[in-house]
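Student: To be precise about what I am sending: the file is called input_33.pdb and holds PDB, C-alpha atoms.
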ATOM      1  CA  MET K   1     -43.419 -37.116 -15.782
ATOM      2  CA  LYS K   2     -40.560 -39.508 -16.265
ATOM      3  CA  ARG K   3     -38.333 -40.769 -13.490
ATOM      4  CA  ARG K   4     -35.324 -39.114 -15.154
ATOM      5  CA  ASP K   5     -37.008 -35.670 -15.046
ATOM      6  CA  PHE K   6     -37.957 -36.175 -11.391
ATOM      7  CA  VAL K   7     -34.387 -37.065 -10.375
ATOM      8  CA  ALA K   8     -32.924 -34.156 -12.385
ATOM      9  CA  GLY K   9     -35.405 -31.722 -10.815
ATOM     10  CA  GLY K  10     -34.607 -33.004  -7.332
ATOM     11  CA  THR K  11     -30.878 -32.604  -7.976
ATOM     12  CA  LEU K  12     -31.356 -29.008  -9.165
ATOM     13  CA  LEU K  13     -33.544 -28.211  -6.181
ATOM     14  CA  GLY K  14     -30.947 -29.645  -3.776
ATOM     15  CA  ALA K  15     -28.175 -27.654  -5.450
ATOM     16  CA  ALA K  16     -30.245 -24.460  -5.306
ATOM     17  CA  LEU K  17     -30.870 -24.945  -1.590
ATOM     18  CA  ALA K  18     -27.196 -25.698  -0.874
ATOM     19  CA  MET K  19     -25.782 -22.692  -2.820
ATOM     20  CA  PRO K  20     -26.663 -19.892  -0.362
ATOM     21  CA  ALA K  21     -25.039 -21.849   2.483
ATOM     22  CA  ALA K  22     -21.888 -22.410   0.403
ATOM     23  CA  TRP K  23     -21.750 -18.739  -0.583
ATOM     24  CA  ALA K  24     -22.117 -17.649   3.039
ATOM     25  CA  GLN K  25     -19.180 -19.838   4.062
ATOM     26  CA  ALA K  26     -16.985 -18.754   1.133
ATOM     27  CA  ARG K  27     -17.544 -15.045   1.672
ATOM     28  CA  PRO K  28     -14.951 -13.376   3.932
ATOM     29  CA  ALA K  29     -16.370 -11.951   7.131
ATOM     30  CA  ALA K  30     -14.009  -8.959   7.190
ATOM     31  CA  ASN K  31     -14.582  -5.729   5.295
ATOM     32  CA  PRO K  32     -12.219  -5.670   2.273
ATOM     33  CA  LEU K  33     -11.907  -1.868   2.605
ATOM     34  CA  ALA K  34     -10.809  -1.987   6.251
ATOM     35  CA  PRO K  35      -7.217  -1.138   7.231
ATOM     36  CA  ASN K  36      -4.795  -4.049   7.123
ATOM     37  CA  PRO K  37      -2.180  -3.509   9.876
ATOM     38  CA  ALA K  38      -0.689  -6.992   9.423
ATOM     39  CA  GLU K  39      -0.003  -6.294   5.740
ATOM     40  CA  PHE K  40       1.509  -2.900   6.633
ATOM     41  CA  LYS K  41       3.884  -4.506   9.160
ATOM     42  CA  ARG K  42       4.809  -7.261   6.689
ATOM     43  CA  ASN K  43       5.618  -4.739   3.916
ATOM     44  CA  TYR K  44       7.610  -2.550   6.308
ATOM     45  CA  ALA K  45       9.621  -5.467   7.723
ATOM     46  CA  SER K  46      10.178  -6.969   4.281
ATOM     47  CA  PHE K  47      11.655  -3.733   2.938
ATOM     48  CA  VAL K  48      13.764  -2.905   6.000
ATOM     49  CA  GLY K  49      15.057  -6.421   6.667
ATOM     50  CA  LYS K  50      17.691  -6.372   9.424
ATOM     51  CA  ALA K  51      18.739  -2.770   8.793
ATOM     52  CA  ARG K  52      18.024   0.034  11.231
ATOM     53  CA  VAL K  53      15.831   2.804   9.806
ATOM     54  CA  LEU K  54      17.543   6.201   9.946
ATOM     55  CA  GLU K  55      15.102   9.103  10.275
ATOM     56  CA  GLU K  56      17.288  11.498   8.271
ATOM     57  CA  GLY K  57      18.007  12.367   4.669
ATOM     58  CA  LEU K  58      14.465  11.759   3.398
ATOM     59  CA  LYS K  59      11.534  14.153   3.582
ATOM     60  CA  PHE K  60       7.940  14.453   2.434
ATOM     61  CA  ASP K  61       6.772  17.361   0.306
ATOM     62  CA  MET K  62       2.995  17.264   0.703
ATOM     63  CA  PRO K  63       0.110  19.120   2.325
ATOM     64  CA  VAL K  64      -0.922  18.243   5.866
ATOM     65  CA  LEU K  65      -4.595  18.604   4.864
ATOM     66  CA  ALA K  66      -5.837  16.848   1.721
ATOM     67  CA  ASP K  67      -9.240  17.971   0.474
ATOM     68  CA  ASN K  68      -9.574  15.232  -2.161
ATOM     69  CA  PRO K  69      -8.983  11.699  -0.821
ATOM     70  CA  GLY K  70      -8.985  10.326  -4.372
ATOM     71  CA  ALA K  71      -5.884  12.238  -5.437
ATOM     72  CA  VAL K  72      -3.640  13.332  -2.569
ATOM     73  CA  PRO K  73      -0.437  14.923  -3.926
ATOM     74  CA  VAL K  74       2.591  13.276  -2.329
ATOM     75  CA  GLY K  75       6.221  14.121  -2.962
ATOM     76  CA  VAL K  76       9.304  12.504  -1.468
ATOM     77  CA  VAL K  77      12.794  13.994  -1.758
ATOM     78  CA  LEU K  78      16.113  12.441  -0.807
ATOM     79  CA  THR K  79      18.149  15.236   0.790
ATOM     80  CA  THR K  80      21.351  13.319   1.486
ATOM     81  CA  PRO K  81      24.221  13.933  -0.988
ATOM     82  CA  LEU K  82      24.547  11.296  -3.702
ATOM     83  CA  THR K  83      27.658   9.989  -5.427
ATOM     84  CA  GLU K  84      28.319   7.350  -8.079
ATOM     85  CA  THR K  85      28.858   4.778  -5.342
ATOM     86  CA  ARG K  86      26.260   5.988  -2.823
ATOM     87  CA  TYR K  87      22.781   6.392  -4.260
ATOM     88  CA  CYS K  88      19.194   5.305  -3.648
ATOM     89  CA  THR K  89      18.348   1.926  -5.183
ATOM     90  CA  GLU K  90      14.691   1.695  -4.179
ATOM     91  CA  LEU K  91      12.006   3.852  -2.572
ATOM     92  CA  ILE K  92       8.546   2.849  -1.360
ATOM     93  CA  ILE K  93       5.582   4.690   0.126
ATOM     94  CA  LEU K  94       3.324   2.900   2.612
ATOM     95  CA  ALA K  95      -0.146   4.171   3.551
ATOM     96  CA  GLU K  96      -0.647   2.830   7.062
ATOM     97  CA  LEU K  97      -4.475   2.632   7.068
ATOM     98  CA  ASN K  98      -5.201   1.752   3.437
ATOM     99  CA  PRO K  99      -6.541  -1.753   2.692
ATOM    100  CA  VAL K 100      -3.445  -2.292   0.511
ATOM    101  CA  PRO K 101      -0.685  -0.393   2.360
ATOM    102  CA  LEU K 102       2.020  -0.513  -0.355
ATOM    103  CA  ALA K 103       1.056   2.606  -2.310
ATOM    104  CA  CYS K 104       4.012   2.709  -4.735
ATOM    105  CA  ARG K 105       7.527   1.453  -5.360
ATOM    106  CA  PHE K 106      10.315   3.094  -7.379
ATOM    107  CA  ALA K 107      13.708   1.778  -8.501
ATOM    108  CA  PHE K 108      16.732   4.006  -9.169
ATOM    109  CA  SER K 109      20.235   3.610 -10.552
ATOM    110  CA  PRO K 110      23.429   5.686 -10.278
ATOM    111  CA  LEU K 111      22.401   7.312 -13.574
ATOM    112  CA  SER K 112      19.186   8.697 -12.066
ATOM    113  CA  GLY K 113      21.111  11.686 -10.738
ATOM    114  CA  THR K 114      18.535  12.596  -8.123
ATOM    115  CA  THR K 115      15.951  10.831  -6.027
ATOM    116  CA  GLU K 116      12.741  12.821  -6.088
ATOM    117  CA  ILE K 117       9.264  11.511  -6.806
ATOM    118  CA  ALA K 118       5.799  13.041  -7.047
ATOM    119  CA  VAL K 119       2.599  10.994  -7.163
ATOM    120  CA  ARG K 120      -1.076  11.269  -6.332
ATOM    121  CA  LEU K 121      -2.400   8.640  -3.949
ATOM    122  CA  ARG K 122      -5.891   7.537  -3.039
ATOM    123  CA  LEU K 123      -6.145   7.441   0.747
ATOM    124  CA  ALA K 124      -8.896   5.637   2.605
ATOM    125  CA  GLN K 125      -8.865   7.956   5.625
ATOM    126  CA  THR K 126      -6.752  10.266   7.767
ATOM    127  CA  GLN K 127      -3.495   8.426   8.396
ATOM    128  CA  THR K 128       0.290   8.456   8.457
ATOM    129  CA  LEU K 129       2.317   7.889   5.300
ATOM    130  CA  HIS K 130       5.740   6.244   5.508
ATOM    131  CA  ALA K 131       8.534   6.611   2.951
ATOM    132  CA  LEU K 132      11.470   4.204   3.011
ATOM    133  CA  ALA K 133      14.567   4.470   0.825
ATOM    134  CA  ARG K 134      17.168   1.718   0.470
ATOM    135  CA  MET K 135      20.629   3.083  -0.256
ATOM    136  CA  SER K 136      23.370   1.309  -2.214
ATOM    137  CA  ASP K 137      25.508   1.088   0.941
ATOM    138  CA  GLY K 138      22.802  -0.905   2.776
ATOM    139  CA  ARG K 139      21.366   1.933   4.866
ATOM    140  CA  VAL K 140      17.593   2.425   4.999
ATOM    141  CA  LEU K 141      16.317   5.969   5.341
ATOM    142  CA  GLY K 142      12.807   6.670   6.551
ATOM    143  CA  ALA K 143      10.351   9.519   6.893
ATOM    144  CA  ARG K 144       6.731   9.729   7.940
ATOM    145  CA  GLN K 145       4.050  12.358   7.832
ATOM    146  CA  ALA K 146       0.472  12.465   9.037
ATOM    147  CA  VAL K 147      -2.116  13.659   6.542
ATOM    148  CA  THR K 148      -5.680  14.650   7.342
ATOM    149  CA  VAL K 149      -8.082  13.564   4.620
ATOM    150  CA  ALA K 150     -11.252  15.617   4.331
ATOM    151  CA  ALA K 151     -14.115  14.314   2.199
ATOM    152  CA  SER K 152     -14.641  16.467  -0.866
ATOM    153  CA  GLY K 153     -17.910  18.024  -1.994
ATOM    154  CA  CYS K 154     -18.777  15.030  -4.168
ATOM    155  CA  GLY K 155     -18.905  12.778  -1.101
ATOM    156  CA  MET K 156     -16.026  10.437  -1.916
TER     157      MET K 156
END
Output the file's structure in the form of structure tokens.
Tutor:
Amino acid sequence: MKRRDFVAGGTLLGAALAMPAAWAQARPAANPLAPNPAEFKRNYASFVGKARVLEEGLKFDMPVLADNPGAVPVGVVLTTPLTETRYCTELIILAELNPVPLACRFAFSPLSGTTEIAVRLRLAQTQTLHALARMSDGRVLGARQAVTVAASGCGM
């Protein structure tokens, strides 16, 4: 055995012994699928800004009990009258207890005519959904609805 082979083997052995310790330190301690309340609050505050959320003019159209957590049907309808100068510019849906709370974001223009969306969301657990709509006049409309998520037969 040559000295060069001995040094190279010792270096590889040292690296192999150090790797598990480095991986243990680099790995996050928290569960990546756990709810993220700080992210929810940040998204909510970022969208609302300094406006006051008005709990009127926006409503959910969805079941209270969802039997398939992988595809929960969610609809949001703006019920306030729209004009060419007063319309919804942006709408978001936040899932309070999902690991990534911002479920979807939609942009509208005066040419949209109506503000009504329908999506299917994957929900981590029973929770409250929040819909926020920013109007062209600066108002922010909000609605929330609790949804009970029941595990389906396939054990999602």
Student: Evaluate the PyMOL selection byres ((chain K and resi 55) around 10) against this structure - the residues, as number ranges by chain, please.
Tutor: K: 52-54, 56-59, 132, 140-144
Student: Nearest residue to Val149 of chain K out of K:Pro63, K:Pro99, K:Gly75, K:Pro35, using only C-alpha atoms?
Tutor: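 Of K:Pro63, K:Pro99, K:Gly75, K:Pro35, the one nearest Val149 of chain K is K:Pro63, counting only C-alpha atoms.
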Student: Closest to Pro37 of chain K among K:Ala151, K:Leu94, K:Ala118, K:Cys104, using only C-alpha atoms?
Tutor: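 Among K:Ala151, K:Leu94, K:Ala118, K:Cys104, it is K:Leu94 that comes nearest to Pro37 of chain K.
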Student: Kindly indicate which residue among K:Leu33, K:Leu97, K:Ile92, K:Leu111 lies nearest to Ser46 of chain K, using all atoms listed in the file for the distances.
Tutor: K:Ile92
Student: Around (2.3, 10.4, 6.0), as given in the file, which residues come within 6 Å? Count all atoms listed in the file and list them as a VMD selection string.
Tutor: chain K and resid 128 to 130 144 to 147
Student: For the file shown, report as a list in words the outcome of the PyMOL selection byres ((chain K and resi 86) around 10) at residue level.
Tutor: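 Here the PyMOL selection byres ((chain K and resi 86) around 10) matches Thr80, Pro81, Leu82, Thr83, Glu84, Thr85, Tyr87, Cys88, Thr89, Pro110, Met135, Ser136, Asp137, Gly138 and Arg139 of chain K.
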Student: Selection from above, C-alpha atoms, as a tab-separated table (two decimals), keeping the file's coordinate frame, can you write it?
Tutor:
chain	number	residue	atom	x	y	z
K	80	THR	CA	21.35	13.32	1.49
K	81	PRO	CA	24.22	13.93	-0.99
K	82	LEU	CA	24.55	11.30	-3.70
K	83	THR	CA	27.66	9.99	-5.43
K	84	GLU	CA	28.32	7.35	-8.08
K	85	THR	CA	28.86	4.78	-5.34
K	87	TYR	CA	22.78	6.39	-4.26
K	88	CYS	CA	19.19	5.30	-3.65
K	89	THR	CA	18.35	1.93	-5.18
K	110	PRO	CA	23.43	5.69	-10.28
K	135	MET	CA	20.63	3.08	-0.26
K	136	SER	CA	23.37	1.31	-2.21
K	137	ASP	CA	25.51	1.09	0.94
K	138	GLY	CA	22.80	-0.90	2.78
K	139	ARG	CA	21.37	1.93	4.87
Student: Any idea what the distance is between atom CA of Glu96 of chain K and atom CA of Asn36 of chain K?
Tutor: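 Straight-line distance from atom CA of Glu96 of chain K to atom CA of Asn36 of chain K works out to 8.0 Å.
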Student: Just the residues within 12 Å of Phe106 of chain K, please, counting only C-alpha atoms, with nothing from its chain fewer than 3 positions along; format it as a PyMOL selection string.
Tutor: chain K and resi 76+88-93+102-103+109+112+115-119+131-134
Student: One number please: atom CA of Val72 of chain K to atom CA of Pro32 of chain K, in Å, one decimal.
Tutor: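 Atom CA of Pro32 of chain K lies 21.4 Å from atom CA of Val72 of chain K.
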Student: What gap, in Å, lies between atom CA of Leu65 of chain K and atom CA of Gln127 of chain K?
Tutor: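 About the pair atom CA of Leu65 of chain K and atom CA of Gln127 of chain K: they are 10.8 Å apart.
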Student: Padding 3 Å on every side, please: axis-aligned box over the listed atoms of segment 49-65 of chain K, centre and edge lengths to one decimal in Å, as AutoDock Vina command-line options.
Tutor:
--center_x 7.1 --center_y 6.3 --center_z 5.8 --size_x 29.3 --size_y 31.5 --size_z 16.9
Student: Nearest to Phe47 of chain K among K:Leu121, K:Arg105, K:Thr126, K:Thr79, with distances taken over all atoms listed in the file: which residue is it?
Tutor: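 Ranked by minimum distance to Phe47 of chain K, first place goes to K:Arg105.
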Student: Dump as a PyMOL selection string all residues having an atom at most 8 Å from (-8.0, 11.7, 1.9), computed in the file's coordinates with all atoms listed in the file.
Tutor: chain K and resi 66-72+122-126+147-151
Student: For the provided coordinates, the residues matched by the PyMOL selection byres ((chain K and resi 62) around 8) should be stated as a PyMOL selection string.
Tutor: chain K and resi 60-61+63-64+73-75
Student: Hey, which of K:Leu78, K:Ala107, K:Val100, K:Ala51 ends up closest to Ala38 of chain K? Count only C-alpha atoms.
Tutor: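 Under the stated criterion, the closest residue is K:Val100.
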Student: Taking N, CA and C atoms as the atom set, what does segment 101-129 of chain K look like once completed, written as a compact mmCIF listing (two decimals), in the coordinates of the input?
Tutor:
# COMPACT_ATOMS: atom_id res chain seq x y z
N PRO K 101 -1.58 -1.44 1.87
CA PRO K 101 -0.68 -0.39 2.36
C PRO K 101 0.43 0.03 1.40
N LEU K 102 0.94 -0.88 0.56
CA LEU K 102 2.02 -0.51 -0.36
C LEU K 102 1.44 0.35 -1.47
N ALA K 103 1.64 1.67 -1.35
CA ALA K 103 1.06 2.61 -2.31
C ALA K 103 1.85 2.66 -3.60
N CYS K 104 3.19 2.68 -3.52
CA CYS K 104 4.01 2.71 -4.74
C CYS K 104 5.44 2.31 -4.42
N ARG K 105 6.14 1.91 -5.47
CA ARG K 105 7.53 1.45 -5.36
C ARG K 105 8.28 2.00 -6.57
N PHE K 106 9.48 2.54 -6.32
CA PHE K 106 10.32 3.09 -7.38
C PHE K 106 11.71 2.51 -7.29
N ALA K 107 12.33 2.27 -8.44
CA ALA K 107 13.71 1.78 -8.50
C ALA K 107 14.58 2.85 -9.16
N PHE K 108 15.80 3.00 -8.66
CA PHE K 108 16.73 4.01 -9.17
C PHE K 108 18.07 3.35 -9.47
N SER K 109 18.88 4.06 -10.24
CA SER K 109 20.24 3.61 -10.55
C SER K 109 21.18 4.78 -10.33
N PRO K 110 22.49 4.57 -10.44
CA PRO K 110 23.43 5.69 -10.28
C PRO K 110 23.22 6.75 -11.36
N LEU K 111 22.63 6.37 -12.48
CA LEU K 111 22.40 7.31 -13.57
C LEU K 111 21.18 8.19 -13.36
N SER K 112 20.38 7.90 -12.34
CA SER K 112 19.19 8.70 -12.07
C SER K 112 19.54 10.14 -11.71
N GLY K 113 20.66 10.33 -11.06
CA GLY K 113 21.11 11.69 -10.74
C GLY K 113 20.50 12.24 -9.48
N THR K 114 19.21 12.09 -9.31
CA THR K 114 18.54 12.60 -8.12
C THR K 114 17.45 11.61 -7.72
N THR K 115 17.04 11.69 -6.49
CA THR K 115 15.95 10.83 -6.03
C THR K 115 14.85 11.75 -5.53
N GLU K 116 13.87 11.96 -6.40
CA GLU K 116 12.74 12.82 -6.09
C GLU K 116 11.54 12.29 -6.86
N ILE K 117 10.46 12.03 -6.14
CA ILE K 117 9.26 11.51 -6.81
C ILE K 117 8.05 12.36 -6.43
N ALA K 118 7.07 12.36 -7.30
CA ALA K 118 5.80 13.04 -7.05
C ALA K 118 4.68 12.18 -7.61
N VAL K 119 3.72 11.83 -6.76
CA VAL K 119 2.60 10.99 -7.16
C VAL K 119 1.32 11.53 -6.53
N ARG K 120 0.21 11.00 -6.98
CA ARG K 120 -1.08 11.27 -6.33
C ARG K 120 -1.61 9.93 -5.85
N LEU K 121 -1.95 9.88 -4.56
CA LEU K 121 -2.40 8.64 -3.95
C LEU K 121 -3.86 8.75 -3.54
N ARG K 122 -4.53 7.62 -3.58
CA ARG K 122 -5.89 7.54 -3.04
C ARG K 122 -5.75 7.02 -1.61
N LEU K 123 -6.25 7.81 -0.66
CA LEU K 123 -6.14 7.44 0.75
C LEU K 123 -7.53 7.14 1.30
N ALA K 124 -7.62 6.08 2.06
CA ALA K 124 -8.90 5.64 2.60
C ALA K 124 -9.40 6.55 3.72
N GLN K 125 -8.48 7.14 4.47
CA GLN K 125 -8.86 7.96 5.62
C GLN K 125 -7.65 8.74 6.11
N THR K 126 -7.85 9.55 7.13
CA THR K 126 -6.75 10.27 7.77
C THR K 126 -5.77 9.24 8.32
N GLN K 127 -4.48 9.43 8.02
CA GLN K 127 -3.50 8.43 8.40
C GLN K 127 -2.08 8.97 8.29
N THR K 128 -1.12 8.11 8.57
CA THR K 128 0.29 8.46 8.46
C THR K 128 0.87 7.73 7.25
N LEU K 129 1.60 8.47 6.43
CA LEU K 129 2.32 7.89 5.30
C LEU K 129 3.76 7.67 5.71
